[in-house]
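Printed here is upload.txt (compact mmCIF, N, CA and C atoms):
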```txt
# COMPACT_ATOMS: atom_id res chain seq x y z
N MET A 623 -34.99 98.49 10.70
CA MET A 623 -35.28 98.87 12.06
C MET A 623 -34.80 97.76 13.01
N SER A 624 -33.63 97.29 12.79
CA SER A 624 -33.13 96.15 13.55
C SER A 624 -32.94 96.47 15.03
N HIS A 625 -32.73 97.72 15.39
CA HIS A 625 -32.52 98.05 16.80
C HIS A 625 -33.81 97.98 17.62
N LEU A 626 -34.96 97.89 16.95
CA LEU A 626 -36.24 97.77 17.66
C LEU A 626 -36.84 96.38 17.56
N ASP A 627 -36.16 95.48 16.89
CA ASP A 627 -36.70 94.14 16.65
C ASP A 627 -38.05 94.18 15.95
N ILE A 628 -38.18 95.07 14.99
CA ILE A 628 -39.43 95.22 14.25
C ILE A 628 -39.10 95.44 12.78
N ASP A 629 -39.86 94.82 11.91
CA ASP A 629 -39.64 94.92 10.49
C ASP A 629 -40.20 96.24 9.96
N VAL A 630 -39.73 96.67 8.80
CA VAL A 630 -40.19 97.92 8.21
C VAL A 630 -41.68 97.85 7.89
N VAL A 631 -42.15 96.72 7.41
CA VAL A 631 -43.58 96.56 7.10
C VAL A 631 -44.40 96.68 8.38
N ASP A 632 -43.93 96.07 9.45
CA ASP A 632 -44.64 96.19 10.74
C ASP A 632 -44.67 97.63 11.22
N PHE A 633 -43.57 98.34 11.02
CA PHE A 633 -43.52 99.74 11.42
C PHE A 633 -44.53 100.56 10.63
N LEU A 634 -44.64 100.31 9.34
CA LEU A 634 -45.63 101.01 8.52
C LEU A 634 -47.05 100.68 8.96
N LEU A 635 -47.29 99.42 9.28
CA LEU A 635 -48.63 99.04 9.76
C LEU A 635 -48.96 99.72 11.08
N ILE A 636 -47.98 99.85 11.96
CA ILE A 636 -48.22 100.52 13.24
C ILE A 636 -48.61 101.98 13.03
N THR A 637 -48.08 102.61 12.01
CA THR A 637 -48.45 103.99 11.74
C THR A 637 -49.77 104.09 10.99
N ILE A 638 -50.17 103.04 10.31
CA ILE A 638 -51.42 103.07 9.53
C ILE A 638 -52.64 102.73 10.38
N TYR A 639 -52.48 101.90 11.41
CA TYR A 639 -53.63 101.49 12.23
C TYR A 639 -54.43 102.65 12.81
N PRO A 640 -53.80 103.68 13.40
CA PRO A 640 -54.60 104.80 13.90
C PRO A 640 -55.36 105.52 12.79
N VAL A 641 -54.76 105.62 11.62
CA VAL A 641 -55.42 106.28 10.50
C VAL A 641 -56.67 105.50 10.10
N ILE A 642 -56.57 104.19 10.09
CA ILE A 642 -57.73 103.36 9.77
C ILE A 642 -58.83 103.58 10.81
N GLY A 643 -58.46 103.64 12.09
CA GLY A 643 -59.43 103.89 13.14
C GLY A 643 -60.13 105.23 12.99
N LEU A 644 -59.36 106.26 12.63
CA LEU A 644 -59.94 107.60 12.44
C LEU A 644 -60.87 107.62 11.22
N PHE A 645 -60.49 106.94 10.16
CA PHE A 645 -61.35 106.89 8.97
C PHE A 645 -62.64 106.12 9.24
N ILE A 646 -62.56 105.06 10.02
CA ILE A 646 -63.77 104.31 10.37
C ILE A 646 -64.71 105.18 11.19
N ALA A 647 -64.17 105.92 12.16
CA ALA A 647 -65.00 106.83 12.96
C ALA A 647 -65.63 107.90 12.07
N GLU A 648 -64.87 108.41 11.12
CA GLU A 648 -65.39 109.43 10.19
C GLU A 648 -66.52 108.87 9.34
N THR A 649 -66.32 107.67 8.81
CA THR A 649 -67.34 107.04 7.95
C THR A 649 -68.62 106.77 8.72
N ILE A 650 -68.49 106.22 9.91
CA ILE A 650 -69.68 105.92 10.72
C ILE A 650 -70.41 107.21 11.08
N SER A 651 -69.67 108.24 11.45
CA SER A 651 -70.33 109.49 11.86
C SER A 651 -71.04 110.15 10.68
N ARG A 652 -70.51 110.01 9.48
CA ARG A 652 -71.19 110.58 8.32
C ARG A 652 -72.43 109.79 7.95
N LYS A 653 -72.35 108.46 8.05
CA LYS A 653 -73.52 107.64 7.70
C LYS A 653 -74.65 107.82 8.71
N LEU A 654 -74.30 107.96 9.98
CA LEU A 654 -75.33 108.10 11.02
C LEU A 654 -75.66 109.55 11.32
N LYS A 655 -75.00 110.50 10.62
CA LYS A 655 -75.22 111.93 10.80
C LYS A 655 -75.03 112.35 12.26
N ILE A 656 -73.91 111.90 12.84
CA ILE A 656 -73.55 112.25 14.21
C ILE A 656 -72.97 113.66 14.19
N PRO A 657 -73.26 114.48 15.21
CA PRO A 657 -72.70 115.84 15.25
C PRO A 657 -71.17 115.82 15.22
N SER A 658 -70.59 116.86 14.65
CA SER A 658 -69.15 116.89 14.46
C SER A 658 -68.38 116.89 15.78
N TRP A 659 -68.92 117.53 16.81
CA TRP A 659 -68.20 117.56 18.08
C TRP A 659 -68.09 116.16 18.69
N LEU A 660 -69.13 115.35 18.52
CA LEU A 660 -69.09 113.99 19.04
C LEU A 660 -68.12 113.13 18.23
N LYS A 661 -68.09 113.34 16.92
CA LYS A 661 -67.15 112.63 16.06
C LYS A 661 -65.71 112.97 16.45
N LEU A 662 -65.44 114.25 16.70
CA LEU A 662 -64.10 114.67 17.05
C LEU A 662 -63.66 114.13 18.41
N ILE A 663 -64.58 114.06 19.36
CA ILE A 663 -64.27 113.47 20.66
C ILE A 663 -63.95 111.99 20.50
N THR A 664 -64.73 111.30 19.69
CA THR A 664 -64.48 109.88 19.43
C THR A 664 -63.11 109.67 18.80
N GLN A 665 -62.77 110.51 17.83
CA GLN A 665 -61.46 110.39 17.19
C GLN A 665 -60.33 110.72 18.17
N GLY A 666 -60.56 111.65 19.07
CA GLY A 666 -59.57 111.94 20.11
C GLY A 666 -59.35 110.76 21.04
N ILE A 667 -60.43 110.11 21.40
CA ILE A 667 -60.34 108.93 22.27
C ILE A 667 -59.59 107.81 21.55
N ILE A 668 -59.87 107.64 20.26
CA ILE A 668 -59.16 106.63 19.48
C ILE A 668 -57.66 106.93 19.45
N SER A 669 -57.31 108.19 19.27
CA SER A 669 -55.89 108.57 19.25
C SER A 669 -55.21 108.31 20.59
N VAL A 670 -55.88 108.64 21.67
CA VAL A 670 -55.32 108.39 23.00
C VAL A 670 -55.17 106.89 23.24
N ALA A 671 -56.16 106.11 22.82
CA ALA A 671 -56.09 104.66 23.02
C ALA A 671 -54.91 104.06 22.26
N PHE A 672 -54.71 104.47 21.02
CA PHE A 672 -53.57 103.97 20.26
C PHE A 672 -52.25 104.44 20.89
N ALA A 673 -52.20 105.67 21.36
CA ALA A 673 -50.97 106.19 21.97
C ALA A 673 -50.61 105.38 23.22
N ILE A 674 -51.60 105.10 24.04
CA ILE A 674 -51.34 104.31 25.25
C ILE A 674 -50.93 102.88 24.88
N ALA A 675 -51.59 102.32 23.89
CA ALA A 675 -51.24 100.96 23.46
C ALA A 675 -49.82 100.91 22.92
N TYR A 676 -49.41 101.93 22.20
CA TYR A 676 -48.07 101.94 21.63
C TYR A 676 -46.99 102.13 22.68
N ILE A 677 -47.33 102.70 23.81
CA ILE A 677 -46.35 102.85 24.88
C ILE A 677 -46.29 101.59 25.74
N THR A 678 -47.44 100.98 26.01
CA THR A 678 -47.50 99.88 26.97
C THR A 678 -47.49 98.50 26.34
N VAL A 679 -48.34 98.26 25.38
CA VAL A 679 -48.55 96.90 24.87
C VAL A 679 -47.51 96.53 23.81
N ILE A 680 -47.32 97.40 22.86
CA ILE A 680 -46.43 97.12 21.73
C ILE A 680 -45.04 97.64 22.07
N THR A 681 -44.05 97.21 21.32
CA THR A 681 -42.69 97.71 21.51
C THR A 681 -42.72 99.23 21.58
N ALA A 682 -41.96 99.78 22.48
CA ALA A 682 -42.03 101.21 22.79
C ALA A 682 -41.88 102.09 21.55
N HIS A 683 -42.99 102.63 21.10
CA HIS A 683 -43.02 103.59 20.01
C HIS A 683 -43.40 104.94 20.60
N TRP A 684 -42.49 105.50 21.38
CA TRP A 684 -42.81 106.71 22.12
C TRP A 684 -42.98 107.91 21.21
N LEU A 685 -42.26 107.98 20.10
CA LEU A 685 -42.42 109.13 19.21
C LEU A 685 -43.79 109.11 18.53
N THR A 686 -44.21 107.94 18.10
CA THR A 686 -45.55 107.80 17.52
C THR A 686 -46.60 108.14 18.57
N SER A 687 -46.38 107.75 19.80
CA SER A 687 -47.32 108.05 20.88
C SER A 687 -47.41 109.54 21.14
N ILE A 688 -46.29 110.24 21.10
CA ILE A 688 -46.30 111.69 21.30
C ILE A 688 -47.12 112.38 20.21
N VAL A 689 -46.94 111.93 18.98
CA VAL A 689 -47.70 112.52 17.87
C VAL A 689 -49.18 112.23 18.03
N LEU A 690 -49.53 111.03 18.46
CA LEU A 690 -50.95 110.70 18.66
C LEU A 690 -51.55 111.48 19.82
N PHE A 691 -50.79 111.70 20.90
CA PHE A 691 -51.29 112.54 21.99
C PHE A 691 -51.50 113.98 21.53
N ALA A 692 -50.59 114.49 20.71
CA ALA A 692 -50.75 115.85 20.18
C ALA A 692 -51.98 115.93 19.28
N LEU A 693 -52.20 114.92 18.47
CA LEU A 693 -53.39 114.87 17.63
C LEU A 693 -54.66 114.83 18.48
N ALA A 694 -54.63 114.07 19.57
CA ALA A 694 -55.79 113.97 20.44
C ALA A 694 -56.11 115.32 21.09
N ILE A 695 -55.08 116.03 21.52
CA ILE A 695 -55.30 117.36 22.11
C ILE A 695 -55.95 118.28 21.09
N THR A 696 -55.46 118.23 19.86
CA THR A 696 -56.04 119.06 18.80
C THR A 696 -57.48 118.67 18.52
N LEU A 697 -57.75 117.38 18.48
CA LEU A 697 -59.12 116.93 18.23
C LEU A 697 -60.07 117.34 19.36
N PHE A 698 -59.61 117.25 20.60
CA PHE A 698 -60.45 117.68 21.72
C PHE A 698 -60.71 119.19 21.68
N TYR A 699 -59.70 119.95 21.30
CA TYR A 699 -59.89 121.40 21.16
C TYR A 699 -60.90 121.71 20.05
N GLN A 700 -60.78 121.04 18.93
CA GLN A 700 -61.71 121.25 17.82
C GLN A 700 -63.13 120.80 18.20
N ALA A 701 -63.24 119.76 19.01
CA ALA A 701 -64.56 119.30 19.46
C ALA A 701 -65.21 120.35 20.35
N ARG A 702 -64.41 120.93 21.24
CA ARG A 702 -64.96 121.98 22.10
C ARG A 702 -65.40 123.18 21.27
N ARG A 703 -64.59 123.53 20.30
CA ARG A 703 -64.93 124.66 19.44
C ARG A 703 -66.17 124.36 18.60
N ALA A 704 -66.29 123.15 18.11
CA ALA A 704 -67.46 122.76 17.31
C ALA A 704 -68.72 122.75 18.15
N LYS A 705 -68.59 122.42 19.44
CA LYS A 705 -69.77 122.40 20.30
C LYS A 705 -70.19 123.81 20.70
N THR A 706 -69.24 124.68 21.02
CA THR A 706 -69.59 126.02 21.49
C THR A 706 -69.91 126.98 20.35
N HIS A 707 -69.20 126.87 19.23
CA HIS A 707 -69.41 127.75 18.08
C HIS A 707 -69.54 126.91 16.80
N PRO A 708 -70.69 126.29 16.59
CA PRO A 708 -70.84 125.39 15.44
C PRO A 708 -70.68 126.09 14.09
N ASN A 709 -70.95 127.38 14.02
CA ASN A 709 -70.82 128.09 12.75
C ASN A 709 -69.36 128.36 12.38
N LYS A 710 -68.45 128.33 13.35
CA LYS A 710 -67.02 128.56 13.08
C LYS A 710 -66.27 127.27 12.77
N SER A 711 -66.87 126.14 13.04
CA SER A 711 -66.20 124.86 12.84
C SER A 711 -66.31 124.44 11.38
N VAL A 712 -65.21 123.98 10.84
CA VAL A 712 -65.21 123.53 9.44
C VAL A 712 -65.33 122.01 9.33
N TYR A 713 -65.41 121.31 10.44
CA TYR A 713 -65.46 119.85 10.44
C TYR A 713 -66.85 119.34 10.54
```
Take the structure in the file and give it back as structure tokens.
Amino acid sequence: MSHLDIDVVDFLLITIYPVIGLFIAETISRKLKIPSWLKLITQGIISVAFAIAYITVITAHWLTSIVLFALAITLFYQARRAKTHPNKSVY
């Protein structure tokens, strides 16, 4: 990845960090028995935060940011669905 001034290992770590954040949110919500809609909102916020950080703070990873924004939209939609129709939510 010489055109971005970033090593392959660094690129892999940049893609793994949001996954670690989502897994931590999942683990905490299961241990504390937090409702699924609140867990999904938290995971959406984590995705948006990483997407913004990847556009502004770190070397421009706009494609990763687009994927994280899309994931956040999906998580917010699932959170709304889990709150309004808890019996239809699988999360």
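For the residues A:Val630, A:Leu660, A:Leu690, A:Phe645, ranking by smallest atom-to-atom distance to Ile674 (chain A) using only N, CA and C atoms places A:Leu690 first.
When all atoms listed in the file are used to measure the gap to Arg702 (chain A), the shortest distance among A:Trp659, A:Val631, A:Thr649, A:Ala671 belongs to A:Trp659.
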Q | Sel. within 12 Å of pt (-68.1, 120.4, 20.6), counting only C-alpha atoms, output as a PyMOL selection string | A | chain A and resi 656-664+697-713
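Taking only C-alpha atoms into account, Ser687 (chain A) lies nearest to A:Ala675 out of the set A:Lys653, A:Ala647, A:Ala675, A:Leu634.
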(Q) Can you pull out the residues contacting Ile636 (chain A)? Cut-off 9 Å, using only C-alpha atoms, and skip same-chain residues under 4 positions away; I want them as a PyMOL selection string. (A) chain A and resi 631-632+640+676+686
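For the pair atom N of Ala682 (chain A) and CA of Leu635 (chain A), the interatomic distance is 14.4 Å.
Relative to atom C of Lys655 (chain A), atom N of Ile638 (chain A) is found at 26.6 Å.
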Draw an axis-aligned box tight on the listed atoms of region 642-651 of chain A, then pad every side by 4 Å and write out centre and edge lengths in Å to one decimal as AutoDock Vina command-line options.
```
--center_x -63.8 --center_y 106.8 --center_z 10.5 --size_x 22.5 --size_y 14.8 --size_z 13.2
```
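Reported to one decimal place, the separation of atom N of Phe691 (chain A) from atom N of Phe672 (chain A) is 8.2 Å.
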Q: Could you please write out, as a ChimeraX atom specification, every residue of chain A that DSSP assigns to helix (DSSP H, G or I)?
A: /A:624-626,630-654,658-678,684-706
Q.
Using all atoms listed in the file for the distances, tell me which of A:Gly643, A:Leu654, A:Thr678, A:Gly666 is nearest to Thr696 (chain A).
A. A:Gly666
Q: Within 6.5 Å of Ile688 (chain A), counting all atoms listed in the file, which residues show up once you throw out same-chain ones fewer than 5 positions away? Write them as a ChimeraX atom specification, please.
A: /A:673,683,693
